[in-house]
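Reading through the structure tokens given below for one structure.
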Protein chains: 4
Amino acid sequence: MNSFGRRFVMTTFGESHGPAIGCVLDGVPAGLEIDEAFIQAQMDRRRPGQNAYATARKEADKVEILSGVFEGKSTGTPMAMVIYNTNQKSKDYGNIKDLFRPGHADFTYWQKYGIRDYRGGGRSSARETAARVAAGAVAKLMLKKMGITVRSGIFKIGDIAGETVDFDHAPKSEIFALDPSVETAQKRAVLEAKEAHDSIGGAALVRVDGLPAGLGEPIYYKLDAVLADAMMGINAVKGVEIGEGTHSAELLGSQNNDEMTKEGFATHHHGGTLGGISSGDRLDIKVYFKPTPSIFKPMRTLDIHGRETTCELKGRHDPCVAIRGSVVAEAMAALVVADMLLLNMGRKMEDLRRYYQRGV
Amino acid sequence: MNSFGRRFVMTTFGESHGPAIGCVLDGVPAGLEIDEAFIQAQMDRRRPGQNAYATARKEADKVEILSGVFEGKSTGTPMAMVIYNTNQKSKDYGNIKDLFRPGHADFTYWQKYGIRDYRGGGRSSARETAARVAAGAVAKLMLKKMGITVRSGIFKIGDIAGETVDFDHAPKSEIFALDPSVETAQKRAVLEAKEAHDSIGGAALVRVDGLPAGLGEPIYYKLDAVLADAMMGINAVKGVEIGEGTHSAELLGSQNNDEMTKEGFATHHHGGTLGGISSGDRLDIKVYFKPTPSIFKPMRTLDIHGRETTCELKGRHDPCVAIRGSVVAEAMAALVVADMLLLNMGRKMEDLRRYYQRGV
Amino acid sequence: MNSFGRRFVMTTFGESHGPAIGCVLDGVPAGLEIDEAFIQAQMDRRRPGQNAYATARKEADKVEILSGVFEGKSTGTPMAMVIYNTNQKSKDYGNIKDLFRPGHADFTYWQKYGIRDYRGGGRSSARETAARVAAGAVAKLMLKKMGITVRSGIFKIGDIAGETVDFDHAPKSEIFALDPSVETAQKRAVLEAKEAHDSIGGAALVRVDGLPAGLGEPIYYKLDAVLADAMMGINAVKGVEIGEGTHSAELLGSQNNDEMTKEGFATHHHGGTLGGISSGDRLDIKVYFKPTPSIFKPMRTLDIHGRETTCELKGRHDPCVAIRGSVVAEAMAALVVADMLLLNMGRKMEDLRRYYQRGV
Amino acid sequence: MNSFGRRFVMTTFGESHGPAIGCVLDGVPAGLEIDEAFIQAQMDRRRPGQNAYATARKEADKVEILSGVFEGKSTGTPMAMVIYNTNQKSKDYGNIKDLFRPGHADFTYWQKYGIRDYRGGGRSSARETAARVAAGAVAKLMLKKMGITVRSGIFKIGDIAGETVDFDHAPKSEIFALDPSVETAQKRAVLEAKEAHDSIGGAALVRVDGLPAGLGEPIYYKLDAVLADAMMGINAVKGVEIGEGTHSAELLGSQNNDEMTKEGFATHHHGGTLGGISSGDRLDIKVYFKPTPSIFKPMRTLDIHGRETTCELKGRHDPCVAIRGSVVAEAMAALVVADMLLLNMGRKMEDLRRYYQRGV
């Protein structure tokens, strides 16, 4: 239950304040060049402590590869990657040891397991997502070889939504903004929330280009369904849309259908999947993050003994988790696509026959 | 890839115009009374041909149980359920044999498999969802014994959204409307679309009450993530929300956090899951359906030879798939909850010890 | 838990005296010609009632395909196959309704589920294996296209073991004997056991030829391990060997190692797998069946109330389950190989790149 | 494919000469005391370099727990355990870099992946089994709390088989001998093989006591089938038996059936499973290991260019892998039982109802 994927399988482990977090990535095809600098660069995009729009915690987030790579290439065996925790301030959490932070998983983990590592959320901390970014980076290395790109950015902070989408701008923006024309307003919204000891929600767009048609396994491992699973499973995500998304419910069929011509789809409402299978059109996924539950205002809550109390947080927290979360969403999309590429290989008898005949 | 669930596992089969559709349901605990009339009643809720708001196709949708039940009770062995197709009009599809209906899976199945059963969409037809409702009905029988209820209804048709939610009204409504005050307007919107040879989108709310806290398997089989998978995998669904959903991205942390008191959660923004685990609060899932892609207006498309052509549909289609789709969403939610109840049983060492010691 | 395989997945259902048994086969590549006569011919090999060496029960074992095939070819969607039970004599089981037949699963099913379909063993009956043979026949159709053959036969009945292996003779033999020189003695042993109201054990050899090197997924889905799982899971099987098997424990390394030359392996002790991966050499699996537990001699046992009693069986039973069981073992081997062929397709990055580039 | 189990899931990683090997253990119930000394003691049983009957390689095999444990107890989250490789002598392997050692997986890995870490077998090395022993030790901690014991020992070396079984003696024996009366002869056989630059096969018996009846998931996750998978997947294993095993094929039903009385089973031919479900009787599994393929005699083989050559090994190798392998077999059995205990929890509706009602 700590594994994701069927053929390209990531298993993660680790708590925010334990010795390390990490993952085992199983199913990486043999012979892929493992560019460690690229993996580290992906980690750095998610890494906290880099500007005013993220938590001030500093984590080196240095990835060590323990297996699966020989002379710079994947061997087809599992790649274990470990990230040691270096900047743990467990004492920050002493005052919340026995209470449930509103909006956090403290209460539910307690209910489920009867024990919890209260330091920084333990396993439920978004720190776990660093392992996903490492695994996603390997997926991206694989996709690159196939001419597939996965990109992401922020299109909305609070109620400030962009109109245009510029994936070249996003990486240069401190908040990964997709629309430069609203970036200043979006930054201001984040800082205002932060100054008010509050936090703010936001939303990311993930786009996959270069995807072949035919990916996705109907009926219960559809491309869009697995993407929904991947996205909703990211900390703080509460809504997922493919293509036109929730807005499609407001449309007529004649408005929402995408006609086909020799040049491809005339419009892009479907967002890249039809019947849960990739259409070859660009894949558009929108991911909505709630505001960080960790705020510096007093909140009513319960403690583990069932008594009412007040939660007053200290520590360092992201004022808007959507920003760093967008990098995680991108990583998850890359993992899903890598998995689907592998799963799809036996779809036709003719493929199978040729594969073994040709010694491919 | 045609199976859903880990411990309470549904495997479906069948094409819309083949001999039969059906499912094998594995993991039903032994000793559950199998009320066949209840199962059939659930089928009847989804069954077409009952009023002006659904397709005129008539399907008996009679479920036959082939295994897994002995003297009225489940035996713990797989339950196979078959629904024979009785009202197939394959000739309706002759004119679309070689072309790809816009908005449908025709193109993507062709790309993937190089072959397709063009009669009514074959496997990609929403007819397959009848098997899900049969399986979901067994899940509901199980949940009933646990005091858990799963209900659904329509809260939005096109841009007409209700304000209130009345789950007692929905079953009595021909469009499963949750808000009686907008029901007439919603019905009119469906009929207007139908008369214009068009279709219209809509959205359903699924609510689960009575859920114990602690369900959901972090990090990659979270309750909310699996629900998102379950919902996005339903034909025509393009958006899924838990609790406050996409709207949470517009809120501040102080607005979105749900404080806790001895009486429970003070507000319900979180929608029943925290950290992907059930909180014991009611579970709210919103499911957004695009308008039926089958409309009776000419649309530009391609044929299987890559030539541009025009798609002109005949036959009988739902003007608004969200309506019957809401019953499917409810069934899927029931399947997810049944699975999570079983998966959760080994969460604590103490539980395990007691389970075997007491001979429970 | 009623499914077998990861990519070529068989799910079976059904009880010996329920309405039907059957299976859903998921993962069949699209475009495979489905030769129904071939499938039926495989069923007929396992079918009882054909001679003195098998039970006198007559089952038509007629397979009906409900889905997944269109115009004679697989479509890539699940194939459901049903075999209706036609020769049920439930009254034969009236006298054992409340007691546990020694050597059978009556006691363990009762312990596990607290309920059992006592008619003919219900789900635990070897009748379930008919569904495996149907699924295995589809696997064999697929393997045929790849130049892979799977054959089986009996090499031992009681302590009468053959010296030679003649797979051309076995299909012609009423007991599927591999060595014609001991066939008469083996037949006599079966009839003697039968006349003594007893039963006798036996062992089958399954051989796969034409297997490409490289199949099997280390470390935990190795070809030999999955074959062991497949074989040990067949009713009455108590021992499984690959290649030299248990005898290898008696050898020195210099005796057991197979040297390699340009002509291939000099000897065949390894039985076709090294490190759990196929070597390209023939695959040899030996499967040992215990004697049918159903004998017509009185045996001491308990009833469901815990009282001591005597079990006196009526009805019709195989005097030697190994004989018909060998057909099941062959089917299981075919299923394993089909699964491994599909799983193996993404092993190298270069393969993946070419697969999508060439549009294979 | 590097994961084992369904609810108690071990995923291993690592190569013999890479930085580390290890595992992630998912599904450990929360609240289990994690006795690190016990885990290390299990590691020490498998650890090489301790006497003349094992390889002279010295590995510290020190386990570091990276996650899943808080204040001495399991938290229900994944336990990552790492064993750093400390005694790598890669230069020992220089002369075999380009050739395939007979009896090893060199050839098959090369065929499958087109790349191999030739140092000590890389991933295919039995060194990987150290990770299994670590995971199995946690399983044993869990089973201890349930009153279940898993023990193992050697009953056969070459053709020297014991008659009696003394599990108290085995841990004290340098070769884990079960029968003290043949121990000296068995030891001599090992040393003779070693002195002759050869190796020798052997066989282990694993016994599980205290198992409740009802474990095992029919039809395709039966207890005996999964044990066969677990055992056959261990390096060098070529045969697996449950209870009477291959010998059952030589018996009559009246000899092989175990009658039942109020005192339990009168005999123990069935070996603890009936219909693939535990009977509550002791579980007996026999595991047959081929002789170590690494011997110091020249052997004909091929190199990676397809040329014939001679393999002349250096380095340090176990003269009889069965000895240390028996500890691995024991660990695998413990993992299987732990998995089955968890899977079995939802077998009866009544159990489920009580579980949640009582707040167990």
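Within each chain, counting starts at residue 1; across the structure tokens, chains are named A, B, ... in the order shown, with ligands numbered 1 upward in that order.
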
Query raised in the report: Counting only C-alpha atoms, which residues of chain C come no farther than 8 Å from chain B, as a PyMOL selection string?
Result: chain C and resi 1-2+11-15+18-21+24+26-27+30-31+66-68+70+75-80+113-117+123

Mind dumping the selected residues with N, CA, C and O atoms as a CSV table (one decimal), in the first residue's frame?
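The resulting file, out30.csv, is reproduced below:
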```
chain,number,residue,atom,x,y,z
C,1,MET,N,-8.1,-13.2,-5.1
C,1,MET,CA,-7.5,-14.4,-4.7
C,1,MET,C,-7.9,-15.6,-5.5
C,1,MET,O,-7.5,-16.7,-5.3
C,2,ASN,N,-8.9,-15.3,-6.4
C,2,ASN,CA,-9.3,-16.3,-7.3
C,2,ASN,C,-8.8,-15.9,-8.7
C,2,ASN,O,-9.3,-16.4,-9.7
C,11,THR,N,-9.3,-15.4,-14.0
C,11,THR,CA,-10.1,-15.4,-12.7
C,11,THR,C,-11.1,-16.5,-12.9
C,11,THR,O,-11.8,-16.4,-13.9
C,12,THR,N,-11.1,-17.4,-12.0
C,12,THR,CA,-12.2,-18.4,-12.1
C,12,THR,C,-13.3,-18.3,-11.1
C,12,THR,O,-13.1,-17.6,-10.1
C,13,PHE,N,-14.4,-18.9,-11.4
C,13,PHE,CA,-15.5,-18.9,-10.4
C,13,PHE,C,-16.2,-20.3,-10.5
C,13,PHE,O,-16.0,-21.0,-11.5
C,14,GLY,N,-17.1,-20.5,-9.6
C,14,GLY,CA,-18.0,-21.7,-9.7
C,14,GLY,C,-17.7,-22.8,-8.8
C,14,GLY,O,-16.6,-23.1,-8.4
C,15,GLU,N,-18.8,-23.5,-8.5
C,15,GLU,CA,-18.8,-24.7,-7.6
C,15,GLU,C,-19.2,-25.9,-8.4
C,15,GLU,O,-19.9,-25.8,-9.4
C,18,GLY,N,-23.0,-26.0,-8.5
C,18,GLY,CA,-23.8,-24.8,-8.7
C,18,GLY,C,-24.2,-24.8,-10.2
C,18,GLY,O,-24.0,-25.7,-10.9
C,19,PRO,N,-24.7,-23.6,-10.6
C,19,PRO,CA,-25.2,-23.5,-12.0
C,19,PRO,C,-24.1,-23.7,-13.0
C,19,PRO,O,-24.3,-24.2,-14.1
C,20,ALA,N,-22.9,-23.1,-12.7
C,20,ALA,CA,-21.9,-23.1,-13.7
C,20,ALA,C,-20.5,-22.9,-13.1
C,20,ALA,O,-20.4,-22.4,-12.0
C,21,ILE,N,-19.5,-23.2,-13.8
C,21,ILE,CA,-18.2,-22.8,-13.5
C,21,ILE,C,-17.7,-22.0,-14.7
C,21,ILE,O,-18.3,-22.0,-15.8
C,24,VAL,N,-12.8,-15.7,-16.4
C,24,VAL,CA,-12.6,-14.4,-17.1
C,24,VAL,C,-11.1,-14.4,-17.4
C,24,VAL,O,-10.3,-14.5,-16.5
C,26,ASP,N,-8.1,-12.1,-18.8
C,26,ASP,CA,-7.8,-10.7,-19.1
C,26,ASP,C,-6.4,-10.6,-19.6
C,26,ASP,O,-5.5,-11.2,-19.0
C,27,GLY,N,-6.2,-9.8,-20.6
C,27,GLY,CA,-4.9,-9.6,-21.1
C,27,GLY,C,-4.5,-10.4,-22.4
C,27,GLY,O,-3.4,-10.3,-22.8
C,30,ALA,N,-4.9,-8.5,-28.6
C,30,ALA,CA,-5.9,-8.3,-29.6
C,30,ALA,C,-5.4,-9.0,-30.9
C,30,ALA,O,-4.2,-8.9,-31.3
C,31,GLY,N,-6.4,-9.6,-31.6
C,31,GLY,CA,-6.0,-10.1,-33.0
C,31,GLY,C,-5.6,-11.5,-33.0
C,31,GLY,O,-5.2,-12.0,-34.1
C,66,LEU,N,-18.5,-15.7,-23.7
C,66,LEU,CA,-19.5,-14.6,-23.6
C,66,LEU,C,-19.0,-13.3,-24.0
C,66,LEU,O,-19.8,-12.3,-24.1
C,67,SER,N,-17.7,-13.1,-24.2
C,67,SER,CA,-17.2,-11.8,-24.5
C,67,SER,C,-15.7,-11.9,-25.0
C,67,SER,O,-15.1,-12.9,-24.9
C,68,GLY,N,-15.2,-10.7,-25.5
C,68,GLY,CA,-13.8,-10.6,-25.8
C,68,GLY,C,-13.4,-11.1,-27.2
C,68,GLY,O,-12.3,-11.0,-27.6
C,70,PHE,N,-14.5,-11.0,-31.3
C,70,PHE,CA,-15.4,-10.4,-32.4
C,70,PHE,C,-14.9,-10.9,-33.7
C,70,PHE,O,-13.7,-10.8,-34.0
C,75,THR,N,-10.3,-9.3,-29.0
C,75,THR,CA,-10.3,-7.9,-29.2
C,75,THR,C,-9.5,-7.1,-28.2
C,75,THR,O,-9.4,-5.9,-28.2
C,76,GLY,N,-8.8,-7.9,-27.3
C,76,GLY,CA,-8.0,-7.2,-26.3
C,76,GLY,C,-8.8,-7.0,-25.0
C,76,GLY,O,-8.3,-6.6,-24.0
C,77,THR,N,-10.1,-7.3,-25.1
C,77,THR,CA,-11.0,-7.1,-23.9
C,77,THR,C,-11.2,-8.5,-23.2
C,77,THR,O,-10.8,-9.5,-23.8
C,78,PRO,N,-11.7,-8.5,-22.0
C,78,PRO,CA,-11.7,-9.8,-21.3
C,78,PRO,C,-12.6,-10.9,-21.9
C,78,PRO,O,-13.7,-10.6,-22.4
C,79,MET,N,-12.0,-12.1,-22.0
C,79,MET,CA,-12.8,-13.2,-22.5
C,79,MET,C,-13.4,-13.9,-21.3
C,79,MET,O,-12.7,-14.5,-20.5
C,80,ALA,N,-14.8,-13.9,-21.3
C,80,ALA,CA,-15.5,-14.7,-20.3
C,80,ALA,C,-15.9,-16.0,-20.9
C,80,ALA,O,-16.4,-16.0,-22.0
C,113,TYR,N,-14.5,-20.5,6.6
C,113,TYR,CA,-15.7,-19.7,6.2
C,113,TYR,C,-16.9,-19.9,7.1
C,113,TYR,O,-17.8,-19.2,7.1
C,114,GLY,N,-16.9,-21.0,7.9
C,114,GLY,CA,-18.0,-21.3,8.7
C,114,GLY,C,-19.2,-21.7,7.9
C,114,GLY,O,-20.4,-21.8,8.5
C,115,ILE,N,-19.1,-22.0,6.7
C,115,ILE,CA,-20.2,-22.4,5.8
C,115,ILE,C,-19.5,-23.2,4.7
C,115,ILE,O,-18.4,-22.9,4.3
C,116,ARG,N,-20.2,-24.2,4.2
C,116,ARG,CA,-19.7,-24.8,3.0
C,116,ARG,C,-20.7,-25.4,2.1
C,116,ARG,O,-21.8,-25.9,2.6
C,117,ASP,N,-20.5,-25.4,0.8
C,117,ASP,CA,-21.3,-26.0,-0.1
C,117,ASP,C,-20.8,-27.5,-0.2
C,117,ASP,O,-19.8,-27.8,-0.8
C,123,ARG,N,-16.6,-25.4,-4.1
C,123,ARG,CA,-15.5,-24.7,-4.7
C,123,ARG,C,-14.2,-25.4,-4.7
C,123,ARG,O,-13.3,-25.3,-5.6
```

Report task. Find, counting only C-alpha atoms, the residue in B:Ile160, B:Val182, B:Ala131, B:Ala105 that gets nearest to Leu274 in chain A. Result -> B:Ala105

**Report entry** Nearest to Pro319 in chain B by atom-to-atom distance, counting only C-alpha atoms, from A:Leu178, A:Ile277, A:Ala230, A:Leu252
**Finding:**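 The shortest atom-to-atom distance to Pro319 in chain B comes from A:Leu252.
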
Report task. Calculate how many Å separate CA of Asp339 in chain D from CA of Lys286 in chain C, rounding to one decimal. Result -> 27.6 Å

Query raised in the report: What residues in range 2-161 of chain D get the DSSP label helix (DSSP H, G or I)? Please answer as a ChimeraX atom specification.
Result: /D:36-46,90-96,106-113,119-124,126-145

Query raised in the report: What lies within 7 Å of Pro291 in chain A using only C-alpha atoms, ignoring chain neighbours under 2 positions off, as a PyMOL selection string?
Result: (chain A and resi 199-201+289+293+320-321) or (chain B and resi 249+251-253)

Query - Nearest candidate to Ala130 in chain A (options A:Arg45, A:His268, A:Arg316, A:Lys348; using only C-alpha atoms) - result: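 Under the stated criterion, the closest residue is A:Arg45.
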
Query raised in the report: Between D:Pro48, D:Gly325, D:Gly210, D:Gly239, which one has atoms that come closest to Ile148 in chain D, using only C-alpha atoms?
Result: D:Gly210

Report task. Mind checking which residues fall within 12 Å of Phe296 in chain A, counting only C-alpha atoms, ignoring those fewer than 6 positions away in the same chain, and posting them as a ChimeraX atom specification? Result -> /A:101-102,193-199,310-319 /B:253-254

**Report entry** Selection: 12 Å around Ala60 in chain D, only C-alpha atoms, excl. self and same-chain fewer than 2 positions, as a PyMOL selection string
**Finding:** chain D and resi 40-41+43-50+57-58+62-64+83-88+130

Go ahead and dump the residues you just picked, N, CA, C and O atoms, as a PDB file, in the first residue's frame.
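Everything below was put into part-v7.pdb:
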```
ATOM      1  N   GLN D  40      18.969  -8.882  14.372  1.00  0.00           N
ATOM      2  CA  GLN D  40      20.386  -9.086  14.101  1.00  0.00           C
ATOM      3  C   GLN D  40      20.793 -10.544  14.339  1.00  0.00           C
ATOM      4  O   GLN D  40      21.602 -11.102  13.590  1.00  0.00           O
ATOM      5  N   ALA D  41      20.193 -11.147  15.341  1.00  0.00           N
ATOM      6  CA  ALA D  41      20.512 -12.553  15.627  1.00  0.00           C
ATOM      7  C   ALA D  41      20.103 -13.452  14.463  1.00  0.00           C
ATOM      8  O   ALA D  41      20.788 -14.431  14.144  1.00  0.00           O
ATOM      9  N   MET D  43      20.013 -12.471  11.351  1.00  0.00           N
ATOM     10  CA  MET D  43      21.009 -12.185  10.319  1.00  0.00           C
ATOM     11  C   MET D  43      22.272 -13.011  10.557  1.00  0.00           C
ATOM     12  O   MET D  43      22.883 -13.530   9.623  1.00  0.00           O
ATOM     13  N   ASP D  44      22.640 -13.107  11.820  1.00  0.00           N
ATOM     14  CA  ASP D  44      23.876 -13.798  12.159  1.00  0.00           C
ATOM     15  C   ASP D  44      23.792 -15.289  11.835  1.00  0.00           C
ATOM     16  O   ASP D  44      24.806 -15.922  11.546  1.00  0.00           O
ATOM     17  N   ARG D  45      22.595 -15.850  11.898  1.00  0.00           N
ATOM     18  CA  ARG D  45      22.436 -17.267  11.559  1.00  0.00           C
ATOM     19  C   ARG D  45      22.771 -17.510  10.086  1.00  0.00           C
ATOM     20  O   ARG D  45      23.291 -18.547   9.719  1.00  0.00           O
ATOM     21  N   ARG D  46      22.440 -16.544   9.243  1.00  0.00           N
ATOM     22  CA  ARG D  46      22.694 -16.699   7.804  1.00  0.00           C
ATOM     23  C   ARG D  46      24.080 -16.201   7.410  1.00  0.00           C
ATOM     24  O   ARG D  46      24.595 -16.509   6.341  1.00  0.00           O
ATOM     25  N   ARG D  47      24.687 -15.404   8.267  1.00  0.00           N
ATOM     26  CA  ARG D  47      25.933 -14.718   7.953  1.00  0.00           C
ATOM     27  C   ARG D  47      27.054 -15.696   7.593  1.00  0.00           C
ATOM     28  O   ARG D  47      27.246 -16.693   8.269  1.00  0.00           O
ATOM     29  N   PRO D  48      27.789 -15.391   6.547  1.00  0.00           N
ATOM     30  CA  PRO D  48      28.874 -16.293   6.144  1.00  0.00           C
ATOM     31  C   PRO D  48      30.100 -16.104   7.023  1.00  0.00           C
ATOM     32  O   PRO D  48      30.131 -15.267   7.924  1.00  0.00           O
ATOM     33  N   GLY D  49      31.103 -16.929   6.776  1.00  0.00           N
ATOM     34  CA  GLY D  49      32.414 -16.730   7.395  1.00  0.00           C
ATOM     35  C   GLY D  49      32.516 -17.231   8.807  1.00  0.00           C
ATOM     36  O   GLY D  49      33.433 -16.866   9.533  1.00  0.00           O
ATOM     37  N   GLN D  50      31.612 -18.077   9.237  1.00  0.00           N
ATOM     38  CA  GLN D  50      31.605 -18.483  10.637  1.00  0.00           C
ATOM     39  C   GLN D  50      32.225 -19.844  10.900  1.00  0.00           C
ATOM     40  O   GLN D  50      32.547 -20.159  12.025  1.00  0.00           O
ATOM     41  N   ARG D  57      34.007 -15.722   3.049  1.00  0.00           N
ATOM     42  CA  ARG D  57      33.688 -14.290   2.975  1.00  0.00           C
ATOM     43  C   ARG D  57      33.159 -13.825   4.315  1.00  0.00           C
ATOM     44  O   ARG D  57      32.369 -14.520   4.954  1.00  0.00           O
ATOM     45  N   LYS D  58      33.567 -12.645   4.719  1.00  0.00           N
ATOM     46  CA  LYS D  58      33.025 -12.105   5.963  1.00  0.00           C
ATOM     47  C   LYS D  58      32.176 -10.887   5.642  1.00  0.00           C
ATOM     48  O   LYS D  58      32.637  -9.960   4.968  1.00  0.00           O
ATOM     49  N   LYS D  62      25.119  -5.967   9.097  1.00  0.00           N
ATOM     50  CA  LYS D  62      24.496  -5.145  10.134  1.00  0.00           C
ATOM     51  C   LYS D  62      23.282  -4.432   9.534  1.00  0.00           C
ATOM     52  O   LYS D  62      23.412  -3.713   8.545  1.00  0.00           O
ATOM     53  N   VAL D  63      22.129  -4.644  10.135  1.00  0.00           N
ATOM     54  CA  VAL D  63      20.883  -4.051   9.633  1.00  0.00           C
ATOM     55  C   VAL D  63      20.661  -2.665  10.229  1.00  0.00           C
ATOM     56  O   VAL D  63      20.741  -2.497  11.448  1.00  0.00           O
ATOM     57  N   GLU D  64      20.384  -1.678   9.372  1.00  0.00           N
ATOM     58  CA  GLU D  64      19.969  -0.353   9.855  1.00  0.00           C
ATOM     59  C   GLU D  64      18.524  -0.117   9.460  1.00  0.00           C
ATOM     60  O   GLU D  64      18.163  -0.259   8.297  1.00  0.00           O
ATOM     61  N   ILE D  83      21.351  -2.889   4.562  1.00  0.00           N
ATOM     62  CA  ILE D  83      22.569  -3.592   4.965  1.00  0.00           C
ATOM     63  C   ILE D  83      23.659  -3.134   3.998  1.00  0.00           C
ATOM     64  O   ILE D  83      23.598  -3.438   2.807  1.00  0.00           O
ATOM     65  N   TYR D  84      24.600  -2.382   4.505  1.00  0.00           N
ATOM     66  CA  TYR D  84      25.657  -1.906   3.623  1.00  0.00           C
ATOM     67  C   TYR D  84      26.633  -3.033   3.315  1.00  0.00           C
ATOM     68  O   TYR D  84      26.921  -3.858   4.179  1.00  0.00           O
ATOM     69  N   ASN D  85      27.089  -3.062   2.077  1.00  0.00           N
ATOM     70  CA  ASN D  85      28.067  -4.071   1.677  1.00  0.00           C
ATOM     71  C   ASN D  85      29.454  -3.601   2.098  1.00  0.00           C
ATOM     72  O   ASN D  85      29.856  -2.487   1.757  1.00  0.00           O
ATOM     73  N   THR D  86      30.147  -4.443   2.830  1.00  0.00           N
ATOM     74  CA  THR D  86      31.416  -3.987   3.380  1.00  0.00           C
ATOM     75  C   THR D  86      32.604  -4.806   2.914  1.00  0.00           C
ATOM     76  O   THR D  86      33.730  -4.366   2.986  1.00  0.00           O
ATOM     77  N   ASN D  87      32.363  -6.029   2.458  1.00  0.00           N
ATOM     78  CA  ASN D  87      33.490  -6.902   2.148  1.00  0.00           C
ATOM     79  C   ASN D  87      33.510  -7.296   0.673  1.00  0.00           C
ATOM     80  O   ASN D  87      33.540  -8.460   0.308  1.00  0.00           O
ATOM     81  N   GLN D  88      33.425  -6.280  -0.171  1.00  0.00           N
ATOM     82  CA  GLN D  88      33.375  -6.545  -1.601  1.00  0.00           C
ATOM     83  C   GLN D  88      34.772  -6.694  -2.174  1.00  0.00           C
ATOM     84  O   GLN D  88      35.591  -5.812  -2.053  1.00  0.00           O
ATOM     85  N   ALA D 130      19.976 -11.997   2.230  1.00  0.00           N
ATOM     86  CA  ALA D 130      20.162 -11.396   3.557  1.00  0.00           C
ATOM     87  C   ALA D 130      18.990 -10.455   3.858  1.00  0.00           C
ATOM     88  O   ALA D 130      18.499 -10.379   4.988  1.00  0.00           O
TER      89      ALA D 130
END
```

Query - From C:Ile96, C:Ala177, C:Asn344, C:Glu308, residue lying nearest Gly216 in chain C [only C-alpha atoms] - result: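 Looking only at the distances to Gly216 in chain C, the closest residue turns out to be C:Asn344.
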
Requested in this report: Tell me which protein, DNA and RNA residues are within 6 Å of range 241-248 of chain D, counting only C-alpha atoms, leaving out same-chain ones fewer than 5 positions away, and put them as a list in words.
Outcome: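 The contact residues come out as Lys238, Gly239, Tyr288 and Lys290 of chain C; His269, His270, Gly271, Asp284, Ile285 and Lys286 of chain D.
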
Report task. Grab the CA of Val208 in chain B to CA of Leu283 in chain B distance for me, in Å with one decimal place. Result ->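 Atom-to-atom, CA of Val208 in chain B to CA of Leu283 in chain B, that is 4.9 Å.
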
Report task. Fewer than 3 positions away in the same chain doesn't count, so skip those; otherwise give me all residues within 8 Å of Ala189 in chain B, counting only C-alpha atoms, as a list in words. Result ->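 Close residues of Ala189 in chain B: Ile157, Gly158, Ala185, Gln186, Glu192, Ala193 and Ile200 of chain B.
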
Report task. Determine which residues of range 118-172 of chain B receive a DSSP assignment of strand (DSSP E), computed from the backbone, and state them as a ChimeraX atom specification. Result -> /B:149-157,160-161

Requested in this report: Quick one: pull the distance between CA of Leu32 in chain C and CA of Pro212 in chain C, Å, one decimal.
Outcome: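 According to the coordinates, CA of Leu32 in chain C and CA of Pro212 in chain C are separated by 19.9 Å.
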
**Report entry** Among listed residues A:Met81, A:Ala213, A:Val336, A:Ala331, nearest Phe107 in chain B (using only C-alpha atoms)
**Finding:**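 Nearest candidate to Phe107 in chain B out of A:Met81, A:Ala213, A:Val336, A:Ala331: A:Ala213.
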